[in-house]
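Raw upload_10.tsv, TSV, C-alpha atoms:
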chain	number	residue	atom	x	y	z
A	1	MET	CA	31.07	32.33	122.02
A	2	ARG	CA	34.56	32.39	120.51
A	3	PHE	CA	33.48	29.62	118.08
A	4	ARG	CA	30.45	31.65	116.99
A	5	ARG	CA	32.59	34.74	116.32
A	6	HIS	CA	35.02	32.65	114.27
A	7	LEU	CA	32.15	31.15	112.22
A	8	ALA	CA	30.65	34.57	111.53
A	9	LEU	CA	34.04	35.93	110.44
A	10	THR	CA	34.56	32.97	108.08
A	11	ALA	CA	31.14	33.51	106.49
A	12	ALA	CA	31.84	37.21	105.98
A	13	VAL	CA	35.17	36.52	104.30
A	14	ALA	CA	33.54	33.94	102.02
A	15	ALA	CA	30.83	36.40	101.03
A	16	LEU	CA	33.40	39.06	100.21
A	17	ALA	CA	35.39	36.57	98.14
A	18	LEU	CA	32.33	35.53	96.15
A	19	GLY	CA	31.43	39.16	95.55
A	20	ALA	CA	34.89	39.79	94.15
A	21	VAL	CA	34.57	37.08	91.47
A	22	PRO	CA	33.57	38.71	88.14
A	23	ALA	CA	30.33	37.52	86.54
A	24	SER	CA	32.26	36.40	83.47
A	25	ALA	CA	34.16	33.91	85.61
A	26	THR	CA	31.00	32.08	86.60
A	27	ALA	CA	29.02	32.43	83.35
A	28	GLY	CA	29.30	29.80	80.62
A	29	PRO	CA	31.19	30.53	77.39
A	30	ALA	CA	29.39	32.83	74.95
A	31	ALA	CA	28.04	31.17	71.85
A	32	ALA	CA	30.29	31.74	68.84
A	33	THR	CA	28.85	33.86	66.03
A	34	PRO	CA	28.70	31.94	62.73
A	35	VAL	CA	29.96	33.32	59.43
A	36	LEU	CA	26.42	33.73	58.04
A	37	THR	CA	23.53	35.10	60.06
A	38	THR	CA	20.07	36.39	59.24
A	39	GLY	CA	18.33	39.63	60.13
A	40	SER	CA	21.41	41.36	61.52
A	41	ALA	CA	25.12	40.97	62.06
A	42	GLY	CA	25.47	38.42	64.85
A	43	GLY	CA	21.82	37.38	64.41
A	44	ALA	CA	20.33	33.92	64.02
A	45	ALA	CA	22.56	31.43	62.22
A	46	VAL	CA	21.86	30.34	58.66
A	47	ALA	CA	21.28	26.61	59.11
A	48	ALA	CA	22.76	23.92	56.91
A	49	GLY	CA	20.15	23.04	54.31
A	50	ASP	CA	18.54	26.48	54.28
A	51	SER	CA	17.56	27.81	50.85
A	52	LEU	CA	19.12	31.13	49.84
A	53	ALA	CA	18.03	33.31	46.94
A	54	ALA	CA	18.91	36.62	45.32
A	55	PRO	CA	17.66	38.55	42.28
A	56	LEU	CA	19.74	41.04	40.36
A	57	ALA	CA	20.40	44.10	42.49
A	58	ALA	CA	17.91	46.88	41.75
A	59	GLY	CA	18.81	48.96	38.73
A	60	THR	CA	21.52	46.56	37.47
A	61	ARG	CA	21.89	44.13	34.57
A	62	ALA	CA	23.76	40.88	34.05
A	63	THR	CA	26.15	41.29	31.13
A	64	PHE	CA	28.12	38.86	28.98
A	65	TYR	CA	30.48	40.92	26.82
A	66	SER	CA	33.10	39.93	24.25
A	67	THR	CA	35.98	41.68	26.06
A	68	ALA	CA	36.61	43.03	29.55
A	69	THR	CA	36.29	46.62	28.33
A	70	SER	CA	33.60	46.13	25.69
A	71	THR	CA	29.89	46.87	25.90
A	72	THR	CA	29.09	44.53	23.00
A	73	GLY	CA	27.39	41.26	23.79
A	74	VAL	CA	24.36	40.04	25.71
A	75	THR	CA	22.57	41.98	28.46
A	76	CYS	CA	19.89	40.46	30.71
A	77	ALA	CA	17.46	42.52	32.78
A	78	VAL	CA	16.37	39.53	34.87
A	79	SER	CA	18.50	36.97	36.67
A	80	GLN	CA	18.03	34.86	39.79
A	81	LEU	CA	20.57	33.05	41.95
A	82	SER	CA	19.53	30.10	44.13
A	83	ALA	CA	21.66	28.17	46.61
A	84	LYS	CA	21.56	25.88	49.63
A	85	ALA	CA	23.69	26.39	52.72
A	86	VAL	CA	26.09	23.48	53.27
A	87	SER	CA	28.28	24.55	56.21
A	88	ASN	CA	28.32	27.64	58.41
A	89	PRO	CA	31.22	27.53	60.89
A	90	ALA	CA	31.99	30.00	63.64
A	91	ALA	CA	33.58	33.25	62.52
A	92	PRO	CA	36.27	33.82	61.46
A	93	GLY	CA	35.88	31.21	58.77
A	94	VAL	CA	34.47	30.24	55.40
A	95	ALA	CA	30.84	29.27	54.89
A	96	THR	CA	30.03	26.96	51.99
A	97	GLU	CA	26.96	26.72	49.81
A	98	SER	CA	25.78	24.74	46.81
A	99	LEU	CA	24.64	27.00	43.98
A	100	THR	CA	21.69	25.11	42.53
A	101	GLY	CA	20.29	27.66	40.10
A	102	LEU	CA	21.34	30.64	38.01
A	103	THR	CA	18.70	31.78	35.55
A	104	PHE	CA	18.48	34.64	33.05
A	105	GLY	CA	15.60	36.36	31.28
A	106	THR	CA	14.65	39.43	29.25
A	107	CYS	CA	17.97	39.29	27.42
A	108	THR	CA	18.99	41.40	24.42
A	109	SER	CA	22.06	41.62	22.21
A	110	ASN	CA	23.75	44.48	20.38
A	111	VAL	CA	26.06	42.21	18.37
A	112	THR	CA	25.88	42.97	14.65
A	113	GLY	CA	23.92	40.24	12.90
A	114	VAL	CA	22.12	39.03	16.05
A	115	THR	CA	18.41	39.81	15.95
A	116	SER	CA	17.36	38.45	19.35
A	117	VAL	CA	18.39	36.25	22.26
A	118	ARG	CA	16.50	32.99	22.58
A	119	SER	CA	18.12	31.92	25.85
A	120	LEU	CA	21.12	32.23	28.14
A	121	THR	CA	21.59	29.25	30.45
A	122	VAL	CA	24.25	27.75	32.70
A	123	GLY	CA	25.21	24.08	32.76
A	124	ASN	CA	26.93	21.54	35.00
A	125	LEU	CA	25.07	22.62	38.13
A	126	PRO	CA	25.41	22.57	41.08
A	127	TYR	CA	28.45	24.75	41.69
A	128	GLY	CA	30.38	25.25	44.90
A	129	LEU	CA	30.07	28.66	46.54
A	130	ALA	CA	32.36	29.78	49.37
A	131	VAL	CA	31.83	32.96	51.40
A	132	ASP	CA	34.82	34.15	53.45
A	133	ASP	CA	34.55	36.71	56.26
A	134	ALA	CA	38.12	37.92	55.63
A	135	PRO	CA	38.62	41.60	54.69
A	136	GLY	CA	36.70	42.39	51.51
A	137	LEU	CA	34.33	39.44	52.12
A	138	PRO	CA	35.68	37.41	49.18
A	139	VAL	CA	33.35	34.98	47.42
A	140	THR	CA	34.48	32.06	45.25
A	141	LEU	CA	32.30	30.10	42.83
A	142	THR	CA	33.74	26.82	41.51
A	143	GLY	CA	32.59	24.05	39.22
A	144	GLY	CA	31.16	20.91	40.76
A	145	ALA	CA	31.16	17.18	40.09
A	146	ALA	CA	29.26	17.64	36.82
A	147	GLY	CA	32.02	19.75	35.28
A	148	PRO	CA	33.27	23.33	34.96
A	149	ILE	CA	31.09	26.42	35.12
A	150	GLN	CA	29.43	26.67	31.71
A	151	ALA	CA	27.24	29.20	29.90
A	152	THR	CA	25.32	28.68	26.66
A	153	ALA	CA	23.72	31.43	24.59
A	154	VAL	CA	21.21	30.60	21.85
A	155	LEU	CA	20.82	33.51	19.45
A	156	ASN	CA	18.65	34.33	16.47
A	157	SER	CA	20.74	35.90	13.72
A	158	TRP	CA	20.75	36.88	10.06
A	159	PHE	CA	22.11	33.40	9.41
A	160	GLY	CA	19.58	31.48	11.49
A	161	THR	CA	19.87	30.16	15.02
A	162	ILE	CA	23.38	29.96	16.42
A	163	THR	CA	24.55	28.43	19.70
A	164	CYS	CA	27.60	29.66	21.61
A	165	THR	CA	28.97	27.66	24.54
A	166	TYR	CA	31.57	28.96	26.99
A	167	GLN	CA	33.38	27.45	29.96
A	168	LEU	CA	35.34	28.84	32.87
A	169	SER	CA	38.54	26.91	33.52
A	170	GLY	CA	38.97	28.19	37.06
A	171	ALA	CA	36.65	29.91	39.50
A	172	PHE	CA	34.52	33.02	39.76
A	173	THR	CA	35.88	35.41	42.35
A	174	GLY	CA	33.74	38.20	43.72
A	175	ASN	CA	32.79	39.98	46.92
A	176	ALA	CA	29.91	40.12	49.35
A	177	ASP	CA	28.59	43.44	50.67
A	178	ASN	CA	26.78	43.65	54.01
A	179	ALA	CA	25.30	47.08	53.32
A	180	ALA	CA	23.41	45.80	50.27
A	181	HIS	CA	23.39	42.09	51.28
A	182	SER	CA	24.77	41.38	47.83
A	183	LEU	CA	27.25	39.27	45.86
A	184	ALA	CA	29.12	41.00	43.02
A	185	PHE	CA	31.10	39.43	40.18
A	186	ARG	CA	33.08	41.49	37.66
A	187	ASN	CA	34.52	40.45	34.28
A	188	GLU	CA	34.62	36.72	34.96
A	189	HIS	CA	36.39	35.32	31.90
A	190	PHE	CA	34.86	32.48	29.89
A	191	ALA	CA	36.52	30.88	26.85
A	192	LYS	CA	34.50	29.52	23.95
A	193	SER	CA	34.21	25.73	24.19
A	194	GLY	CA	31.77	25.00	21.37
A	195	GLY	CA	29.22	26.33	18.94
A	196	SER	CA	29.14	28.38	15.78
A	197	VAL	CA	32.20	29.94	14.17
A	198	LEU	CA	30.25	33.20	14.38
A	199	CYS	CA	30.49	33.20	18.20
A	200	PRO	CA	33.10	35.44	19.87
A	201	GLY	CA	36.08	33.56	21.27
A	202	ASP	CA	35.63	34.96	24.78
A	203	GLY	CA	32.92	36.11	27.12
A	204	TYR	CA	33.19	38.31	30.22
A	205	PHE	CA	30.39	38.00	32.77
A	206	SER	CA	29.43	40.67	35.30
A	207	ALA	CA	26.47	40.80	37.68
A	208	THR	CA	25.48	41.91	41.17
A	209	TYR	CA	22.91	39.83	43.07
A	210	GLY	CA	21.06	41.12	46.10
A	211	PRO	CA	19.61	41.20	48.55
A	212	VAL	CA	20.56	37.62	49.42
A	213	THR	CA	17.81	36.23	51.65
A	214	ASP	CA	17.21	33.02	53.59
A	215	THR	CA	13.91	31.81	52.18
A	216	SER	CA	13.76	28.92	54.67
A	217	GLN	CA	13.26	31.38	57.55
A	218	PRO	CA	10.00	33.24	58.28
A	219	GLY	CA	9.89	36.51	56.40
A	220	SER	CA	12.94	35.60	54.27
A	221	PRO	CA	15.41	37.77	56.24
A	222	ALA	CA	18.53	39.19	54.63
A	223	VAL	CA	21.83	37.34	55.09
A	224	PHE	CA	24.85	38.97	56.77
A	225	VAL	CA	28.51	37.94	56.68
A	226	ASN	CA	30.17	38.26	60.11

Please, can you express the file's structure as structure tokens?
Amino acid sequence: MRFRRHLALTAAVAALALGAVPASATAGPAAATPVLTTGSAGGAAVAAGDSLAAPLAAGTRATFYSTATSTTGVTCAVSQLSAKAVSNPAAPGVATESLTGLTFGTCTSNVTGVTSVRSLTVGNLPYGLAVDDAPGLPVTLTGGAAGPIQATAVLNSWFGTITCTYQLSGAFTGNADNAAHSLAFRNEHFAKSGGSVLCPGDGYFSATYGPVTDTSQPGSPAVFVN
């Protein structure tokens, strides 16, 4: 009988001890949230290889002006950014992408002597794109193996067709915005690298792209930075 009482007491103590262990002590580690997710903050991860895309943000234009404070140059009502996800580590961290396309359309110019814009294109693709979840959600766009970031404008003018080529010696720096799911670049400075003597010596590019969506996922959900 004494043995039975001792066994029952031992079982009761063990049950109390198990009940005192918090659930977190027995559960496995929570999955880390990656830098980029879809649908919501902390949602499904953007997978390496996923295709990402963004048009110009509603009501905005892409501009390529002759100075940082000027409104003289080329304005485009249509532009599209395309990229592929390369790496998406756990937050905090930096996700990387390969920018595979940056197109422009419906462009006009208010430069004296320019009658119309034939094209505005970028060269030396793909570019490297890094998205950091640090304060301000900084974004960096850098040239790739093909060369520096390059833009070429072909313009119809009083003097015939002229071509203006510009290059960026460093990197674009901008910011992501989770409220609008956008990427914004302001006054990114290009220096003339070739073309007609009629071309301005500098170009300053500004544009906001959004919403950024993951077109590899059903419904093309918006992308969040965590």

Q: Have a look at A:Gly160, A:Gly147, A:Gly170, A:Pro218 and name the one nearest to A:Arg118; count only C-alpha atoms.
A: A:Gly160

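With all atoms listed in the file as the atoms that count, the residue of A:Ser82, A:Ser40, A:Gln217, A:Thr152 with the shortest distance to A:Ser193 is A:Thr152.
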
Q: Find the residues around A:Asp214 up to 12 Å (only C-alpha atoms counted), leave out those fewer than 2 positions away in its own chain, and share them as a PyMOL selection string.
A: chain A and resi 36-39+44-54+82-85+181+210-212+216-224

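Taking atom CA of A:Gly105 as the reference point, atom CA of A:Asp177 is found at 24.4 Å.
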
Quick one: axis-aligned box around all listed atoms of stretch 159-165 of chain A, 5 Å on every side, centre and edge lengths in Å to one decimal, written as lines of an AutoDock Vina configuration file.
center_x = 24.3
center_y = 30.5
center_z = 17.0
size_x = 19.4
size_y = 15.7
size_z = 25.1

Q) Could you state the separation of atom CA of A:Leu129 and atom CA of A:Pro92 in Å, given to one decimal place? A)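 Computing the Euclidean distance for atom CA of A:Leu129 and atom CA of A:Pro92 yields 17.0 Å.
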
Q. To one decimal place, how far is atom CA of A:Gly174 from atom CA of A:Val139 in Å?
A. 4.9 Å

(Q) Show me, as a list in words, the residues that have an atom within 7 Å of A:Asp202 when counting all atoms listed in the file, minus same-chain residues fewer than 4 positions from it. (A)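 In the requested format, the answer is Ser66, Thr67, Phe190, Ala191 and Lys192 of chain A.
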
Quick one: everything within 7 Å of A:Thr108, counting all atoms listed in the file, minus sequence neighbours fewer than 5 positions away in the same chain. Send it as a tab-separated table (two decimals) with C-alpha atoms, keeping the file's coordinate frame.
chain	number	residue	atom	x	y	z
A	74	VAL	CA	24.36	40.04	25.71
A	75	THR	CA	22.57	41.98	28.46
A	76	CYS	CA	19.89	40.46	30.71
A	116	SER	CA	17.36	38.45	19.35
A	117	VAL	CA	18.39	36.25	22.26

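Closest approach to A:Thr71 among A:Thr140, A:Ser119, A:Ser206, A:Asn178: A:Ser206, based on all atoms listed in the file.
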
**Q.** Of the listed residues A:Ala90, A:Ala31, A:Ala207, A:Leu137, that which approaches A:Gly59 most closely, counting all atoms listed in the file
**A.**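 Among the listed residues, the smallest separation from A:Gly59 belongs to A:Ala207.
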
Q) Taking into account only C-alpha atoms, which residue in the set A:Ser98, A:Thr173, A:Ala179, A:Phe159 is nearest to A:Ala145? A) A:Ser98

**Q.** Long-range neighbours of A:Ala153 as a list in words, 7 Å cut-off, only C-alpha atoms, 4 positions minimum in chain
**A.**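 So the residues in contact are Ser119, Leu120, Thr121, Thr163, Cys164 and Thr165 of chain A.
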
With C-alpha atoms retained, write the just-selected residues as a PDB file, in the frame of the given file.
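See part13.pdb below for the written result:
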ATOM      1  CA  SER A 119      18.120  31.920  25.850  1.00  0.00           C
ATOM      2  CA  LEU A 120      21.120  32.230  28.140  1.00  0.00           C
ATOM      3  CA  THR A 121      21.590  29.250  30.450  1.00  0.00           C
ATOM      4  CA  THR A 163      24.550  28.430  19.700  1.00  0.00           C
ATOM      5  CA  CYS A 164      27.600  29.660  21.610  1.00  0.00           C
ATOM      6  CA  THR A 165      28.970  27.660  24.540  1.00  0.00           C
TER       7      THR A 165
END

Q: Do a neighbour search on A:Tyr127 at 7 Å with all atoms listed in the file, toss out local chain neighbours closer than 3 positions, and write the hits as a ChimeraX atom specification.
A: /A:98-100,141-144

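For the set A:Cys199, A:Val122, A:Ala58, A:Val35, the residue with the smallest atom-to-atom gap to A:Ala151 is A:Val122, counting all atoms listed in the file.
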
Your completed stretch 188-220 of chain A with N, CA and C atoms, as a PDB file, in the frame of the given file:
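The resulting file, result-v6.pdb, is reproduced below:
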ATOM      1  N   GLU A 188      34.206  38.115  34.837  1.00  0.00           N
ATOM      2  CA  GLU A 188      34.620  36.720  34.960  1.00  0.00           C
ATOM      3  C   GLU A 188      34.810  36.147  33.560  1.00  0.00           C
ATOM      4  N   HIS A 189      36.011  35.661  33.272  1.00  0.00           N
ATOM      5  CA  HIS A 189      36.390  35.320  31.900  1.00  0.00           C
ATOM      6  C   HIS A 189      36.002  33.886  31.531  1.00  0.00           C
ATOM      7  N   PHE A 190      35.206  33.759  30.491  1.00  0.00           N
ATOM      8  CA  PHE A 190      34.860  32.480  29.890  1.00  0.00           C
ATOM      9  C   PHE A 190      35.560  32.359  28.537  1.00  0.00           C
ATOM     10  N   ALA A 191      35.956  31.143  28.184  1.00  0.00           N
ATOM     11  CA  ALA A 191      36.520  30.880  26.850  1.00  0.00           C
ATOM     12  C   ALA A 191      35.530  30.015  26.072  1.00  0.00           C
ATOM     13  N   LYS A 192      35.407  30.288  24.797  1.00  0.00           N
ATOM     14  CA  LYS A 192      34.500  29.520  23.950  1.00  0.00           C
ATOM     15  C   LYS A 192      34.909  28.049  23.940  1.00  0.00           C
ATOM     16  N   SER A 193      33.931  27.170  24.173  1.00  0.00           N
ATOM     17  CA  SER A 193      34.210  25.730  24.190  1.00  0.00           C
ATOM     18  C   SER A 193      33.440  24.977  23.120  1.00  0.00           C
ATOM     19  N   GLY A 194      32.543  25.657  22.420  1.00  0.00           N
ATOM     20  CA  GLY A 194      31.770  25.000  21.370  1.00  0.00           C
ATOM     21  C   GLY A 194      30.796  25.953  20.728  1.00  0.00           C
ATOM     22  N   GLY A 195      30.228  25.514  19.604  1.00  0.00           N
ATOM     23  CA  GLY A 195      29.220  26.330  18.940  1.00  0.00           C
ATOM     24  C   GLY A 195      29.687  26.881  17.613  1.00  0.00           C
ATOM     25  N   SER A 196      28.936  27.819  17.105  1.00  0.00           N
ATOM     26  CA  SER A 196      29.140  28.380  15.780  1.00  0.00           C
ATOM     27  C   SER A 196      30.463  29.148  15.665  1.00  0.00           C
ATOM     28  N   VAL A 197      30.999  29.149  14.445  1.00  0.00           N
ATOM     29  CA  VAL A 197      32.200  29.940  14.170  1.00  0.00           C
ATOM     30  C   VAL A 197      31.905  31.435  14.265  1.00  0.00           C
ATOM     31  N   LEU A 198      30.638  31.795  14.270  1.00  0.00           N
ATOM     32  CA  LEU A 198      30.250  33.200  14.380  1.00  0.00           C
ATOM     33  C   LEU A 198      30.315  33.706  15.826  1.00  0.00           C
ATOM     34  N   CYS A 199      30.468  32.802  16.787  1.00  0.00           N
ATOM     35  CA  CYS A 199      30.490  33.200  18.200  1.00  0.00           C
ATOM     36  C   CYS A 199      31.836  33.834  18.558  1.00  0.00           C
ATOM     37  N   PRO A 200      31.836  34.872  19.391  1.00  0.00           N
ATOM     38  CA  PRO A 200      33.100  35.440  19.870  1.00  0.00           C
ATOM     39  C   PRO A 200      33.911  34.379  20.626  1.00  0.00           C
ATOM     40  N   GLY A 201      35.222  34.541  20.613  1.00  0.00           N
ATOM     41  CA  GLY A 201      36.080  33.560  21.270  1.00  0.00           C
ATOM     42  C   GLY A 201      36.070  33.639  22.779  1.00  0.00           C
ATOM     43  N   ASP A 202      35.623  34.764  23.330  1.00  0.00           N
ATOM     44  CA  ASP A 202      35.630  34.960  24.780  1.00  0.00           C
ATOM     45  C   ASP A 202      34.341  35.619  25.233  1.00  0.00           C
ATOM     46  N   GLY A 203      34.048  35.431  26.505  1.00  0.00           N
ATOM     47  CA  GLY A 203      32.920  36.110  27.120  1.00  0.00           C
ATOM     48  C   GLY A 203      33.307  36.555  28.523  1.00  0.00           C
ATOM     49  N   TYR A 204      32.877  37.757  28.903  1.00  0.00           N
ATOM     50  CA  TYR A 204      33.190  38.310  30.220  1.00  0.00           C
ATOM     51  C   TYR A 204      31.883  38.616  30.941  1.00  0.00           C
ATOM     52  N   PHE A 205      31.662  37.918  32.050  1.00  0.00           N
ATOM     53  CA  PHE A 205      30.390  38.000  32.770  1.00  0.00           C
ATOM     54  C   PHE A 205      30.509  38.921  33.975  1.00  0.00           C
ATOM     55  N   SER A 206      29.511  39.795  34.126  1.00  0.00           N
ATOM     56  CA  SER A 206      29.430  40.670  35.300  1.00  0.00           C
ATOM     57  C   SER A 206      27.988  40.717  35.786  1.00  0.00           C
ATOM     58  N   ALA A 207      27.810  40.683  37.104  1.00  0.00           N
ATOM     59  CA  ALA A 207      26.470  40.800  37.680  1.00  0.00           C
ATOM     60  C   ALA A 207      26.599  41.049  39.179  1.00  0.00           C
ATOM     61  N   THR A 208      25.584  41.720  39.728  1.00  0.00           N
ATOM     62  CA  THR A 208      25.480  41.910  41.170  1.00  0.00           C
ATOM     63  C   THR A 208      24.123  41.377  41.617  1.00  0.00           C
ATOM     64  N   TYR A 209      24.140  40.448  42.580  1.00  0.00           N
ATOM     65  CA  TYR A 209      22.910  39.830  43.070  1.00  0.00           C
ATOM     66  C   TYR A 209      22.638  40.288  44.504  1.00  0.00           C
ATOM     67  N   GLY A 210      21.399  40.726  44.754  1.00  0.00           N
ATOM     68  CA  GLY A 210      21.060  41.120  46.100  1.00  0.00           C
ATOM     69  C   GLY A 210      19.666  41.762  46.163  1.00  0.00           C
ATOM     70  N   PRO A 211      19.043  41.752  47.325  1.00  0.00           N
ATOM     71  CA  PRO A 211      19.610  41.200  48.550  1.00  0.00           C
ATOM     72  C   PRO A 211      19.551  39.668  48.572  1.00  0.00           C
ATOM     73  N   VAL A 212      20.570  39.065  49.186  1.00  0.00           N
ATOM     74  CA  VAL A 212      20.560  37.620  49.420  1.00  0.00           C
ATOM     75  C   VAL A 212      19.702  37.369  50.654  1.00  0.00           C
ATOM     76  N   THR A 213      18.709  36.508  50.533  1.00  0.00           N
ATOM     77  CA  THR A 213      17.810  36.230  51.650  1.00  0.00           C
ATOM     78  C   THR A 213      17.751  34.733  51.931  1.00  0.00           C
ATOM     79  N   ASP A 214      17.392  34.411  53.173  1.00  0.00           N
ATOM     80  CA  ASP A 214      17.210  33.020  53.590  1.00  0.00           C
ATOM     81  C   ASP A 214      15.728  32.703  53.499  1.00  0.00           C
ATOM     82  N   THR A 215      15.332  32.056  52.423  1.00  0.00           N
ATOM     83  CA  THR A 215      13.910  31.810  52.180  1.00  0.00           C
ATOM     84  C   THR A 215      13.363  30.658  53.018  1.00  0.00           C
ATOM     85  N   SER A 216      14.233  29.976  53.766  1.00  0.00           N
ATOM     86  CA  SER A 216      13.760  28.920  54.670  1.00  0.00           C
ATOM     87  C   SER A 216      13.303  29.491  56.009  1.00  0.00           C
ATOM     88  N   GLN A 217      13.631  30.752  56.282  1.00  0.00           N
ATOM     89  CA  GLN A 217      13.260  31.380  57.550  1.00  0.00           C
ATOM     90  C   GLN A 217      12.032  32.268  57.366  1.00  0.00           C
ATOM     91  N   PRO A 218      11.200  32.398  58.394  1.00  0.00           N
ATOM     92  CA  PRO A 218      10.000  33.240  58.280  1.00  0.00           C
ATOM     93  C   PRO A 218      10.351  34.670  57.871  1.00  0.00           C
ATOM     94  N   GLY A 219       9.653  35.160  56.864  1.00  0.00           N
ATOM     95  CA  GLY A 219       9.890  36.510  56.400  1.00  0.00           C
ATOM     96  C   GLY A 219      11.063  36.667  55.467  1.00  0.00           C
ATOM     97  N   SER A 220      11.770  35.574  55.171  1.00  0.00           N
ATOM     98  CA  SER A 220      12.940  35.600  54.270  1.00  0.00           C
ATOM     99  C   SER A 220      13.903  36.736  54.623  1.00  0.00           C
TER     100      SER A 220
END
